[in-house]
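**Q** Next comes query-v7.txt, compact mmCIF, C-alpha atoms and all ligand atoms:
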# COMPACT_ATOMS: atom_id res chain seq x y z
CA MET T 1 -22.86 -4.55 -11.01
CA SER T 2 -25.84 -6.88 -11.33
CA VAL T 3 -25.94 -10.50 -10.22
CA GLN T 4 -25.48 -12.82 -13.19
CA ALA T 5 -26.58 -16.43 -13.43
CA ILE T 6 -24.13 -17.81 -10.93
CA SER T 7 -22.98 -21.38 -11.07
CA SER T 8 -20.61 -21.44 -8.14
CA PHE T 9 -19.38 -19.40 -5.21
CA ALA T 10 -16.02 -19.06 -6.90
CA ALA T 11 -17.87 -17.17 -9.65
CA ILE T 12 -19.39 -14.93 -6.99
CA ARG T 13 -15.96 -14.40 -5.48
CA ARG T 14 -14.70 -13.24 -8.88
CA GLN T 15 -17.45 -10.64 -9.10
CA LEU T 16 -16.71 -9.39 -5.59
CA HIS T 17 -13.01 -9.38 -6.41
CA GLN T 18 -13.64 -6.81 -9.13
CA ILE T 19 -15.16 -4.22 -6.79
CA PRO T 20 -12.85 -3.77 -3.76
CA GLU T 21 -13.77 -0.69 -1.72
CA PRO T 22 -12.31 1.12 1.30
CA GLY T 23 -13.77 0.70 4.79
CA PHE T 24 -17.27 2.19 5.20
CA GLN T 25 -17.41 2.85 1.45
CA GLU T 26 -18.42 -0.69 0.47
CA PHE T 27 -21.46 0.63 -1.44
CA LYS T 28 -21.18 -1.57 -4.55
CA THR T 29 -20.30 -4.59 -2.42
CA GLN T 30 -23.37 -4.01 -0.27
CA ARG T 31 -25.58 -3.60 -3.36
CA PHE T 32 -24.16 -6.81 -4.85
CA LEU T 33 -24.85 -8.77 -1.66
CA LEU T 34 -28.37 -7.33 -1.27
CA ASP T 35 -29.18 -8.32 -4.87
CA TYR T 36 -27.89 -11.80 -4.13
CA PHE T 37 -30.04 -12.15 -0.99
CA ALA T 38 -33.08 -11.06 -2.98
CA SER T 39 -32.46 -13.99 -5.34
CA LEU T 40 -32.68 -16.56 -2.49
CA PRO T 41 -35.83 -18.30 -1.20
CA GLN T 42 -37.28 -15.71 1.20
CA GLU T 43 -39.32 -17.94 3.57
CA ARG T 44 -36.64 -18.22 6.20
CA ILE T 45 -34.46 -15.15 5.76
CA GLU T 46 -34.62 -11.50 6.83
CA VAL T 47 -32.12 -8.87 5.79
CA ARG T 48 -31.08 -5.63 7.52
CA THR T 49 -28.46 -3.08 6.60
CA TRP T 50 -26.19 -1.23 8.99
CA ARG T 51 -24.13 1.53 7.34
CA THR T 52 -22.40 -0.36 4.47
CA GLY T 53 -22.71 -3.67 6.32
CA ILE T 54 -25.49 -6.26 6.19
CA LEU T 55 -27.08 -8.61 8.71
CA VAL T 56 -29.03 -11.67 7.62
CA ASN T 57 -31.19 -13.71 9.95
CA VAL T 58 -31.91 -17.32 8.99
CA ARG T 59 -34.87 -18.47 11.09
CA GLY T 60 -34.50 -21.92 12.63
CA THR T 61 -37.33 -24.48 12.75
CA ASN T 62 -37.24 -24.87 16.54
CA PRO T 63 -34.51 -22.54 17.74
CA GLN T 64 -32.66 -23.28 20.97
CA ARG T 65 -29.54 -21.27 20.14
CA ARG T 66 -28.29 -18.69 17.65
CA TYR T 67 -24.99 -19.11 15.81
CA GLY T 68 -23.17 -16.32 13.98
CA TYR T 69 -20.79 -16.22 11.01
CA ARG T 70 -18.92 -13.00 10.35
CA ALA T 71 -17.32 -11.99 7.03
CA ASP T 72 -15.43 -8.76 6.42
CA MET T 73 -16.14 -6.72 3.30
CA ASP T 74 -13.47 -4.08 2.59
CA GLY T 75 -10.49 -4.04 0.23
CA LEU T 76 -7.02 -2.51 0.49
CA PRO T 77 -5.22 0.41 -1.23
CA ILE T 78 -3.01 -1.89 -3.34
CA ALA T 79 -2.60 -1.74 -7.14
CA GLU T 80 -3.42 -5.29 -8.18
CA ASP T 81 -0.71 -7.20 -10.05
CA THR T 82 -2.31 -10.62 -10.49
CA GLY T 83 -2.73 -12.41 -13.80
CA TYR T 84 -6.51 -12.50 -13.33
CA ASP T 85 -8.85 -11.61 -16.18
CA PHE T 86 -11.30 -10.62 -13.41
CA ARG T 87 -8.93 -8.21 -11.70
CA SER T 88 -10.07 -5.17 -9.73
CA THR T 89 -11.95 -2.54 -11.70
CA HIS T 90 -11.15 0.03 -8.99
CA PRO T 91 -7.68 1.43 -9.75
CA GLY T 92 -5.36 1.29 -6.76
CA PHE T 93 -7.70 -1.01 -4.80
CA MET T 94 -7.60 -4.74 -4.38
CA HIS T 95 -9.07 -7.56 -2.33
CA ALA T 96 -5.61 -8.55 -1.11
CA CYS T 97 -6.66 -9.94 2.26
CA GLY T 98 -9.22 -12.51 1.14
CA HIS T 99 -12.38 -10.67 2.14
CA ASP T 100 -13.85 -11.59 -1.27
CA LEU T 101 -13.45 -15.26 -0.26
CA HIS T 102 -14.70 -14.68 3.29
CA MET T 103 -17.90 -13.12 1.87
CA SER T 104 -18.48 -15.76 -0.81
CA ILE T 105 -18.07 -18.52 1.80
CA GLY T 106 -20.66 -16.73 3.97
CA LEU T 107 -23.00 -16.57 0.97
CA GLY T 108 -22.49 -20.28 0.34
CA VAL T 109 -23.35 -21.29 3.90
CA LEU T 110 -26.31 -18.90 4.00
CA THR T 111 -27.60 -20.22 0.68
CA HIS T 112 -27.38 -23.75 2.01
CA PHE T 113 -29.48 -22.94 5.08
CA ALA T 114 -31.95 -20.77 3.19
CA ALA T 115 -32.83 -23.95 1.27
CA ASN T 116 -32.21 -26.59 3.96
CA PRO T 117 -33.99 -25.80 7.23
CA ILE T 118 -31.92 -25.95 10.41
CA ARG T 119 -33.21 -26.14 13.98
CA ASP T 120 -31.31 -23.15 15.37
CA ASP T 121 -31.24 -19.51 14.28
CA LEU T 122 -28.29 -18.13 12.33
CA THR T 123 -26.99 -14.58 12.00
CA PHE T 124 -24.72 -13.79 9.06
CA ILE T 125 -22.74 -10.61 9.63
CA PHE T 126 -21.19 -8.87 6.62
CA GLN T 127 -18.99 -6.32 8.33
CA PRO T 128 -17.37 -3.24 6.79
CA ALA T 129 -13.98 -1.71 7.49
CA GLU T 130 -11.96 -4.56 8.99
CA GLU T 131 -8.71 -3.10 7.64
CA GLY T 132 -9.55 0.15 9.39
CA PRO T 133 -10.98 2.07 11.06
CA GLY T 134 -12.84 -0.99 12.35
CA GLY T 135 -16.48 -1.90 11.78
CA ALA T 136 -16.80 -4.65 14.39
CA LYS T 137 -17.05 -2.49 17.51
CA PRO T 138 -19.74 -0.09 16.27
CA MET T 139 -21.62 -2.97 14.63
CA LEU T 140 -21.73 -4.84 17.95
CA GLU T 141 -23.31 -1.78 19.53
CA ALA T 142 -25.83 -1.31 16.70
CA GLU T 143 -29.55 -1.55 17.38
CA GLU T 144 -29.91 -3.67 14.20
CA LEU T 145 -27.89 -6.52 15.70
CA ARG T 146 -29.48 -6.52 19.16
CA ASP T 147 -32.25 -9.11 18.65
CA TRP T 148 -30.07 -11.20 16.32
CA MET T 149 -27.09 -11.31 18.68
CA PRO T 150 -25.52 -14.79 18.38
CA ASP T 151 -24.88 -17.05 21.39
CA GLU T 152 -21.75 -18.31 19.62
CA ILE T 153 -19.82 -16.80 16.75
CA PHE T 154 -17.28 -18.00 14.14
CA ALA T 155 -15.13 -16.47 11.44
CA LEU T 156 -12.30 -17.59 9.21
CA HIS T 157 -9.35 -15.98 7.50
CA ILE T 158 -7.58 -17.23 4.41
CA ALA T 159 -4.01 -18.47 4.95
CA PRO T 160 -1.79 -18.36 1.82
CA GLU T 161 0.86 -20.63 3.37
CA TYR T 162 -1.34 -23.69 3.94
CA PRO T 163 -2.56 -26.16 1.27
CA VAL T 164 -6.22 -26.18 0.34
CA GLY T 165 -8.10 -28.32 2.85
CA THR T 166 -6.05 -27.15 5.83
CA ILE T 167 -7.87 -25.69 8.80
CA ALA T 168 -5.53 -24.19 11.39
CA THR T 169 -6.54 -22.82 14.76
CA LYS T 170 -5.90 -23.03 18.49
CA PRO T 171 -7.64 -22.23 21.75
CA GLY T 172 -6.63 -18.89 23.31
CA ILE T 173 -4.87 -16.08 21.50
CA LEU T 174 -4.80 -16.48 17.71
CA PHE T 175 -4.21 -12.88 16.50
CA ALA T 176 -2.43 -9.99 18.20
CA ASN T 177 -3.57 -6.72 19.81
CA THR T 178 -3.05 -3.92 17.29
CA SER T 179 -2.72 -0.18 17.31
CA GLU T 180 -2.24 2.04 14.32
CA LEU T 181 0.56 4.58 14.68
CA PHE T 182 0.78 8.00 13.03
CA ILE T 183 3.64 10.35 13.93
CA ASP T 184 3.84 13.89 12.54
CA LEU T 185 7.11 15.84 12.74
CA LYS T 186 7.34 19.58 12.18
CA GLY T 187 10.68 21.39 11.86
CA LYS T 188 11.91 24.26 9.72
CA GLY T 189 12.18 24.07 5.94
CA GLY T 190 14.83 25.81 3.88
CA HIS T 191 17.26 25.77 0.98
CA ALA T 192 19.09 22.48 0.41
CA ALA T 193 22.41 24.34 0.33
CA PHE T 194 21.94 25.94 3.78
CA PRO T 195 21.14 23.04 6.15
CA HIS T 196 22.49 24.98 9.14
CA ASN T 197 19.59 27.44 8.75
CA ALA T 198 16.91 24.76 8.63
CA ASN T 199 15.63 21.88 10.70
CA ASP T 200 15.37 18.81 8.47
CA MET T 201 12.45 16.49 9.18
CA VAL T 202 13.63 13.84 6.67
CA ILE T 203 16.70 13.26 8.87
CA ALA T 204 14.54 13.28 12.01
CA ALA T 205 12.10 10.78 10.48
CA CYS T 206 14.93 8.45 9.38
CA GLN T 207 16.48 8.51 12.85
CA LEU T 208 13.12 7.83 14.46
CA VAL T 209 12.36 4.84 12.20
CA GLY T 210 15.63 3.23 13.29
CA GLN T 211 15.09 4.07 16.96
CA LEU T 212 11.56 2.61 16.94
CA GLN T 213 12.97 -0.83 16.11
CA THR T 214 15.02 -0.71 19.33
CA VAL T 215 11.76 -0.80 21.29
CA ILE T 216 11.23 -4.36 20.04
CA SER T 217 14.85 -5.46 20.39
CA ARG T 218 15.75 -3.68 23.67
CA ASN T 219 12.54 -3.05 25.65
CA VAL T 220 10.25 -6.00 24.94
CA ASN T 221 11.11 -9.22 26.75
CA PRO T 222 12.67 -11.50 24.10
CA LEU T 223 10.37 -14.30 25.25
CA ASP T 224 7.37 -12.08 24.49
CA SER T 225 6.61 -10.88 20.94
CA ALA T 226 5.82 -7.51 19.44
CA VAL T 227 6.06 -5.79 16.08
CA ILE T 228 6.39 -2.17 15.01
CA THR T 229 6.06 -1.75 11.26
CA ILE T 230 6.30 1.64 9.57
CA GLY T 231 4.53 1.05 6.27
CA LYS T 232 4.58 4.57 4.92
CA ILE T 233 6.82 7.65 5.18
CA GLU T 234 5.99 11.04 3.74
CA GLY T 235 8.14 14.14 3.97
CA GLY T 236 9.26 17.16 2.07
CA THR T 237 8.17 18.67 -1.20
CA LYS T 238 11.17 18.70 -3.59
CA GLN T 239 14.68 17.31 -3.90
CA ASN T 240 16.44 20.63 -3.24
CA ILE T 241 14.20 21.83 -0.41
CA ILE T 242 14.85 20.80 3.17
CA ALA T 243 11.72 19.14 4.48
CA GLU T 244 9.74 21.07 7.04
CA ASN T 245 7.31 18.19 7.66
CA ALA T 246 7.46 14.42 7.80
CA ARG T 247 4.91 11.79 8.67
CA LEU T 248 5.36 8.15 9.62
CA GLU T 249 2.45 5.72 9.36
CA GLY T 250 2.62 2.30 10.91
CA THR T 251 1.16 -0.31 13.17
CA ILE T 252 2.03 -1.90 16.53
CA ARG T 253 1.33 -5.56 17.32
CA THR T 254 1.59 -7.20 20.75
CA LEU T 255 0.42 -10.38 22.44
CA SER T 256 -0.84 -8.59 25.57
CA ALA T 257 -2.39 -5.28 26.57
CA GLU T 258 0.51 -4.77 29.03
CA THR T 259 3.11 -5.03 26.27
CA MET T 260 1.03 -2.65 24.13
CA SER T 261 1.20 -0.06 26.97
CA LEU T 262 4.95 -0.61 27.35
CA VAL T 263 5.58 -0.21 23.60
CA LYS T 264 3.48 2.94 23.44
CA SER T 265 5.26 4.52 26.42
CA ARG T 266 8.66 3.77 24.85
CA ILE T 267 7.54 5.22 21.50
CA GLU T 268 6.43 8.38 23.33
CA ALA T 269 9.83 8.65 25.07
CA LEU T 270 11.69 8.27 21.76
CA VAL T 271 9.48 10.84 20.07
CA GLN T 272 10.19 13.28 22.94
CA GLY T 273 13.89 12.57 22.39
CA ILE T 274 13.53 13.44 18.70
CA GLU T 275 11.79 16.69 19.66
CA ALA T 276 14.61 17.58 22.05
CA GLY T 277 17.41 16.42 19.78
CA PHE T 278 16.12 18.01 16.58
CA GLY T 279 14.37 21.03 18.08
CA CYS T 280 11.16 20.07 16.30
CA ARG T 281 7.56 19.46 17.28
CA ALA T 282 5.98 16.03 17.12
CA SER T 283 2.54 14.51 17.62
CA ILE T 284 1.45 10.90 17.92
CA ASP T 285 -1.96 9.53 16.96
CA TYR T 286 -2.76 5.87 17.68
CA GLY T 287 -5.64 5.69 15.18
CA SER T 288 -7.77 2.60 15.61
CA ASN T 289 -6.89 -0.15 18.06
CA TYR T 290 -8.09 -3.78 17.87
CA ARG T 291 -8.37 -6.31 20.66
CA GLN T 292 -6.59 -9.62 20.30
CA VAL T 293 -8.52 -12.49 18.72
CA PHE T 294 -8.95 -14.83 21.68
CA ASN T 295 -10.57 -18.17 20.84
CA GLU T 296 -12.85 -19.53 23.55
CA ALA T 297 -11.25 -22.79 24.65
CA LYS T 298 -14.32 -25.03 24.93
CA LEU T 299 -15.86 -24.08 21.56
CA THR T 300 -12.52 -24.17 19.75
CA GLY T 301 -11.84 -27.59 21.26
CA GLU T 302 -15.31 -28.77 20.25
CA PHE T 303 -14.69 -27.66 16.63
CA MET T 304 -11.26 -29.29 16.52
CA ASP T 305 -12.57 -32.52 18.07
CA TRP T 306 -15.48 -32.54 15.62
CA ILE T 307 -13.10 -32.27 12.65
CA ARG T 308 -10.85 -35.01 14.02
CA GLY T 309 -13.71 -37.29 15.05
CA THR T 310 -15.74 -36.99 11.87
CA GLN T 311 -12.77 -37.25 9.48
CA GLN T 312 -14.04 -34.41 7.31
CA ASP T 313 -13.55 -35.06 3.61
CA ARG T 314 -10.59 -33.10 2.12
CA VAL T 315 -9.89 -31.41 5.49
CA GLN T 316 -6.68 -31.55 7.46
CA LEU T 317 -6.58 -29.93 10.90
CA ILE T 318 -3.48 -28.21 12.27
CA GLU T 319 -3.09 -26.76 15.74
CA CYS T 320 -1.13 -23.62 14.85
CA THR T 321 0.69 -20.98 16.87
CA GLU T 322 -0.57 -17.41 17.24
CA ALA T 323 0.23 -14.79 14.58
CA MET T 324 0.86 -11.05 14.75
CA THR T 325 -1.98 -10.26 12.34
CA GLY T 326 -4.82 -8.18 13.76
CA GLU T 327 -8.57 -8.52 13.32
CA ASP T 328 -11.43 -6.52 14.75
CA PHE T 329 -13.27 -9.85 15.04
CA GLY T 330 -11.48 -9.75 18.43
CA TYR T 331 -14.24 -7.35 19.56
CA PHE T 332 -16.91 -9.93 18.72
CA LEU T 333 -15.00 -12.55 20.69
CA GLU T 334 -14.79 -10.23 23.68
CA ASP T 335 -18.61 -10.19 23.89
CA ILE T 336 -19.60 -13.54 22.38
CA PRO T 337 -17.92 -16.93 22.85
CA GLY T 338 -16.52 -18.36 19.63
CA PHE T 339 -13.42 -18.72 17.54
CA MET T 340 -11.61 -17.87 14.34
CA PHE T 341 -9.63 -20.25 12.16
CA TRP T 342 -7.25 -20.09 9.21
CA LEU T 343 -8.32 -21.60 5.89
CA GLY T 344 -5.52 -22.80 3.59
CA VAL T 345 -5.56 -21.22 0.10
CA ASN T 346 -2.10 -22.29 -1.10
CA THR T 347 -0.51 -19.33 -2.86
CA PRO T 348 3.12 -18.11 -2.86
CA TYR T 349 2.32 -14.46 -2.22
CA GLY T 350 1.20 -13.44 1.24
CA LEU T 351 -1.68 -11.38 2.56
CA HIS T 352 -1.55 -7.69 1.54
CA HIS T 353 0.47 -8.56 -1.59
CA ALA T 354 -0.49 -7.28 -5.06
CA LYS T 355 -0.01 -10.78 -6.53
CA LEU T 356 -2.16 -12.70 -4.02
CA GLU T 357 -4.07 -15.39 -5.94
CA PRO T 358 -5.84 -17.70 -3.48
CA ASP T 359 -6.82 -21.16 -4.73
CA GLU T 360 -10.60 -20.92 -5.12
CA ALA T 361 -11.02 -24.64 -4.36
CA ALA T 362 -10.86 -23.57 -0.70
CA ILE T 363 -14.24 -21.83 -1.04
CA ASP T 364 -16.27 -25.02 -1.45
CA VAL T 365 -14.17 -26.79 1.19
CA ALA T 366 -15.11 -24.08 3.71
CA ILE T 367 -18.77 -23.91 2.69
CA GLY T 368 -19.12 -27.68 3.07
CA LEU T 369 -17.27 -27.79 6.37
CA LEU T 370 -19.19 -24.91 7.98
CA SER T 371 -22.55 -26.15 6.71
CA ARG T 372 -21.91 -29.60 8.16
CA PHE T 373 -20.55 -28.18 11.42
CA LEU T 374 -23.55 -25.90 11.97
CA THR T 375 -25.92 -28.73 11.11
CA TRP T 376 -24.17 -30.96 13.63
CA LYS T 377 -24.21 -28.25 16.30
CA SER T 378 -27.87 -27.70 15.80
CA GLU T 379 -28.55 -31.41 16.29
CA GLN T 380 -26.90 -31.41 19.74
CA PRO T 381 -29.09 -31.35 22.85
CA VAL T 382 -28.90 -27.98 24.59
C1 LIG L 401 -5.94 -9.91 8.81
C2 LIG L 401 -5.28 -8.60 8.62
O1 LIG L 401 -4.39 -8.48 7.81
N1 LIG L 401 -5.75 -7.59 9.36
C3 LIG L 401 -5.13 -6.30 9.38
C4 LIG L 401 -5.82 -5.44 10.41
C5 LIG L 401 -5.30 -4.01 10.41
C6 LIG L 401 -5.67 -3.22 11.62
C7 LIG L 401 -5.18 -1.79 11.61
N2 LIG L 401 -5.55 -1.06 10.45
C8 LIG L 401 -3.67 -1.74 11.80
O2 LIG L 401 -2.95 -1.60 10.81
O3 LIG L 401 -3.22 -1.79 12.94
C9 LIG L 401 -3.64 -6.44 9.72
O4 LIG L 401 -2.87 -5.61 9.23
O5 LIG L 401 -3.24 -7.36 10.46
How does the structure come out when it is put into structure tokens?
**A**
Amino acid sequence: MSVQAISSFAAIRRQLHQIPEPGFQEFKTQRFLLDYFASLPQERIEVRTWRTGILVNVRGTNPQRRYGYRADMDGLPIAEDTGYDFRSTHPGFMHACGHDLHMSIGLGVLTHFAANPIRDDLTFIFQPAEEGPGGAKPMLEAEELRDWMPDEIFALHIAPEYPVGTIATKPGILFANTSELFIDLKGKGGHAAFPHNANDMVIAACQLVGQLQTVISRNVNPLDSAVITIGKIEGGTKQNIIAENARLEGTIRTLSAETMSLVKSRIEALVQGIEAGFGCRASIDYGSNYRQVFNEAKLTGEFMDWIRGTQQDRVQLIECTEAMTGEDFGYFLEDIPGFMFWLGVNTPYGLHHAKLEPDEAAIDVAIGLLSRFLTWKSEQPV
């Protein structure tokens, strides 16, 4: 796809929306962004690629600090069901988590500072594979980022439940620790009419799904929070064949590393019980794991105070509670002080839903807010 004459960042979002790609396969997205950067004034910017990701340095006029903005790039395996005339052109894939907005907001802020010099340096990080297997950790270790490593870093995530103009955040934990969960069960297949000669993994899988929910209700302290979601079950081959194999795919969410260890050890015990009870074999794979998103208190407080004190046009600040969503931006925040915030996009369908239609008015709200915030930060004495 080539870059057309673009009048607004909502128009750019629509073009990105049409080309959602899986993690580390964001080839068209990367091409689109590179073409866009080539169309900007080049005096102040430098562009590097890392796998399917991109780093852009905006050189400051008299840099004392370096600030970073991170946007994720990948889509999800969801068959889009919006009413858009610019819906996904990739069957079975959709930007259903707002990464098209996160990128277009990054482009808007970058475009502003490519044209309007700022004292401090900026690094814009377009990161692949947030939905999995996780691009943040390897990107942080990449040679390409080393000399553009920010002193402070920010990111946002769209929030369907808040009106446009709402910014919601808090110091401390904002998003949960996550671990993917894949469980394979192997029994003995056979004829549907002779169950006593087989070892049915559909029954074992159903039992296990029910038992896994008891970890949350019976093992996790009710004053703590945790989630186990099994989002996919596969098993068997035909309606009159007893299933030899079954596979559960899910995710675990916790608010502490300790609770994550507890949940995993209980899952392992239950899976051993299924092996013993059903005389089958089982294996567990935890896939990719993300650290919690932990907002640095001083910088989050500074951002919140700045919004309150400057009465930002069209912006309403909410101090929210933490959510059980995950984000590999948590890895950035482990190494670099900063914060993440929710951006209201006012739509009835939630994240990861085929009908998600964020209100695009939020794009310009965020571009304006972040451009003014970074300008203000860069005017502060160091
Ligand atoms: C913001 C958001 O929705 N992030 C994803 C991150 C997924 C991490 C991993 N693939 C997992 O499923 O554990 C989320 O589902 O919260």
**Q** Could you tell me how far CA of His95 in chain T sits from CA of Phe329 in chain T, in Å to one decimal place?
**A**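 Answer for the CA of Phe329 in chain T to CA of His95 in chain T separation: 18.0 Å.
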**Q** Hey, can I get the axis-aligned box for range 362-371 of chain T? All listed atoms, 5 Å padding on each side, centre and edge lengths in Å to one decimal, as JSON.
**A**
{"center_x": -16.7, "center_y": -24.8, "center_z": 3.3, "size_x": 21.7, "size_y": 16.0, "size_z": 19.4}
**Q** Counting all atoms listed in the file, what are the residues of chain T within 6 Å of ligand LIG 401 (chain L), and for each of them which pair of atoms is the nearest and at what distance in Å, to one decimal? Sort the table by chain and rising number, as a tab-separated table.
**A**
residue	atom	partner	partner_atom	distance
T:Glu131	CA	L:LIG401	C5	4.5
T:Gly132	CA	L:LIG401	N2	4.3
T:Thr178	CA	L:LIG401	O3	4.8
T:Ser179	CA	L:LIG401	O3	4.7
T:Glu180	CA	L:LIG401	O3	4.2
T:Thr251	CA	L:LIG401	O3	4.6
T:Thr325	CA	L:LIG401	O5	3.7
T:Gly326	CA	L:LIG401	O5	3.7
T:Glu327	CA	L:LIG401	N1	4.9
**Q** Go ahead and compute the interatomic distance for CA of Ile241 in chain T and CA of Gln213 in chain T, in Å to one decimal.
**A**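 Atom-to-atom, CA of Ile241 in chain T and CA of Gln213 in chain T are spaced 28.1 Å apart.
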**Q** For Tyr331 in chain T, which residue out of T:Ala366, T:Val215, T:Met139, T:Ala168 is the nearest one, using all atoms listed in the file?
**A**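 So, comparing all the options, the nearest one is T:Met139.
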**Q** Kindly indicate which residue among T:Ala276, T:Val164, T:Val202, T:Ala323 lies nearest to Val227 in chain T, using all atoms listed in the file for the distances.
**A**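 Selected residue with least distance to Val227 in chain T: T:Ala323.
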**Q** Quick one, how far is CA of Ile78 in chain T from CA of His352 in chain T?
**A**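 If I compute the distance from CA of Ile78 in chain T to CA of His352 in chain T, I get 7.7 Å.
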**Q** For the interface of range 165-191 of chain T with range 144-156 of chain T (cut-off 12 Å, counting all atoms listed in the file), please tabulate each contacting residue of range 165-191 of chain T alongside its nearest pair of atoms and their separation in Å to one decimal, rows sorted by chain and increasing number, as a tab-separated table.
**A**
residue	atom	partner	partner_atom	distance
T:Thr166	CA	T:Leu156	CA	11.9
T:Ile167	CA	T:Leu156	CA	9.2
T:Ala168	CA	T:Leu156	CA	9.7
T:Thr169	CA	T:Leu156	CA	9.6
T:Leu174	CA	T:Leu156	CA	11.4
T:Phe175	CA	T:Leu156	CA	11.9
**Q** My list of candidates is T:Asn116, T:Ser261, T:Gln239, T:Gln25. Which is closest to Ala226 in chain T when distances are computed with all atoms listed in the file?
**A**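 So, comparing all the options, the nearest one is T:Ser261.
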**Q** So which residues touch Leu33 in chain T within 9 Å, counting all atoms listed in the file, skipping near sequence neighbours fewer than 2 positions away, as a list in words?
**A**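 Close residues of Leu33 in chain T: Val3, Lys28, Thr29, Gln30, Arg31, Asp35, Tyr36, Phe37, Ala38, Ile54, Met103 and Leu107 of chain T.
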**Q** Skipping near chain neighbours, those fewer than 6 positions away, what residues fall within 7 Å of Gly344 in chain T using only C-alpha atoms, listed as a PyMOL selection string?
**A** chain T and resi 158-167+362
**Q** Taking (16.6, 25.0, 8.3) in the coordinates of the supplied file, I want to know which residues reach to within 12 Å of it, counting only C-alpha atoms; could you give the answer as a count of residues only?
**A** 26
**Q** Is it possible to get the residues within 12 Å of (-6.6, -2.2, 0.7) (coordinates as in the file, counting only C-alpha atoms) written as a PDB file with C-alpha atoms, in the coordinates of the input?
**A**
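File part-v2.pdb, as written:
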ATOM      1  CA  HIS T  17     -13.010  -9.380  -6.410  1.00  0.00           C
ATOM      2  CA  ILE T  19     -15.160  -4.220  -6.790  1.00  0.00           C
ATOM      3  CA  PRO T  20     -12.850  -3.770  -3.760  1.00  0.00           C
ATOM      4  CA  GLU T  21     -13.770  -0.690  -1.720  1.00  0.00           C
ATOM      5  CA  PRO T  22     -12.310   1.120   1.300  1.00  0.00           C
ATOM      6  CA  GLY T  23     -13.770   0.700   4.790  1.00  0.00           C
ATOM      7  CA  GLN T  25     -17.410   2.850   1.450  1.00  0.00           C
ATOM      8  CA  GLU T  26     -18.420  -0.690   0.470  1.00  0.00           C
ATOM      9  CA  MET T  73     -16.140  -6.720   3.300  1.00  0.00           C
ATOM     10  CA  ASP T  74     -13.470  -4.080   2.590  1.00  0.00           C
ATOM     11  CA  GLY T  75     -10.490  -4.040   0.230  1.00  0.00           C
ATOM     12  CA  LEU T  76      -7.020  -2.510   0.490  1.00  0.00           C
ATOM     13  CA  PRO T  77      -5.220   0.410  -1.230  1.00  0.00           C
ATOM     14  CA  ILE T  78      -3.010  -1.890  -3.340  1.00  0.00           C
ATOM     15  CA  ALA T  79      -2.600  -1.740  -7.140  1.00  0.00           C
ATOM     16  CA  GLU T  80      -3.420  -5.290  -8.180  1.00  0.00           C
ATOM     17  CA  SER T  88     -10.070  -5.170  -9.730  1.00  0.00           C
ATOM     18  CA  HIS T  90     -11.150   0.030  -8.990  1.00  0.00           C
ATOM     19  CA  PRO T  91      -7.680   1.430  -9.750  1.00  0.00           C
ATOM     20  CA  GLY T  92      -5.360   1.290  -6.760  1.00  0.00           C
ATOM     21  CA  PHE T  93      -7.700  -1.010  -4.800  1.00  0.00           C
ATOM     22  CA  MET T  94      -7.600  -4.740  -4.380  1.00  0.00           C
ATOM     23  CA  HIS T  95      -9.070  -7.560  -2.330  1.00  0.00           C
ATOM     24  CA  ALA T  96      -5.610  -8.550  -1.110  1.00  0.00           C
ATOM     25  CA  CYS T  97      -6.660  -9.940   2.260  1.00  0.00           C
ATOM     26  CA  GLY T  98      -9.220 -12.510   1.140  1.00  0.00           C
ATOM     27  CA  HIS T  99     -12.380 -10.670   2.140  1.00  0.00           C
ATOM     28  CA  ALA T 129     -13.980  -1.710   7.490  1.00  0.00           C
ATOM     29  CA  GLU T 130     -11.960  -4.560   8.990  1.00  0.00           C
ATOM     30  CA  GLU T 131      -8.710  -3.100   7.640  1.00  0.00           C
ATOM     31  CA  GLY T 132      -9.550   0.150   9.390  1.00  0.00           C
ATOM     32  CA  LEU T 351      -1.680 -11.380   2.560  1.00  0.00           C
ATOM     33  CA  HIS T 352      -1.550  -7.690   1.540  1.00  0.00           C
ATOM     34  CA  HIS T 353       0.470  -8.560  -1.590  1.00  0.00           C
ATOM     35  CA  ALA T 354      -0.490  -7.280  -5.060  1.00  0.00           C
TER      36      ALA T 354
END
**Q** Because some atoms of range 257-262 of chain T are absent here, can you restore N, CA and C atoms and send them as a PDB file, in the frame of the given file?
**A**
ATOM      1  N   ALA T 257      -2.079  -6.711  26.389  1.00  0.00           N
ATOM      2  CA  ALA T 257      -2.390  -5.280  26.570  1.00  0.00           C
ATOM      3  C   ALA T 257      -1.249  -4.601  27.316  1.00  0.00           C
ATOM      4  N   GLU T 258      -0.603  -5.341  28.250  1.00  0.00           N
ATOM      5  CA  GLU T 258       0.510  -4.770  29.030  1.00  0.00           C
ATOM      6  C   GLU T 258       1.671  -4.407  28.101  1.00  0.00           C
ATOM      7  N   THR T 259       1.999  -5.312  27.195  1.00  0.00           N
ATOM      8  CA  THR T 259       3.110  -5.030  26.270  1.00  0.00           C
ATOM      9  C   THR T 259       2.732  -3.878  25.342  1.00  0.00           C
ATOM     10  N   MET T 260       1.459  -3.784  24.964  1.00  0.00           N
ATOM     11  CA  MET T 260       1.030  -2.650  24.130  1.00  0.00           C
ATOM     12  C   MET T 260       1.293  -1.333  24.887  1.00  0.00           C
ATOM     13  N   SER T 261       0.963  -1.289  26.191  1.00  0.00           N
ATOM     14  CA  SER T 261       1.200  -0.060  26.970  1.00  0.00           C
ATOM     15  C   SER T 261       2.692   0.243  27.049  1.00  0.00           C
ATOM     16  N   LEU T 262       3.497  -0.799  27.271  1.00  0.00           N
ATOM     17  CA  LEU T 262       4.950  -0.610  27.350  1.00  0.00           C
ATOM     18  C   LEU T 262       5.484  -0.042  26.032  1.00  0.00           C
TER      19      LEU T 262
END
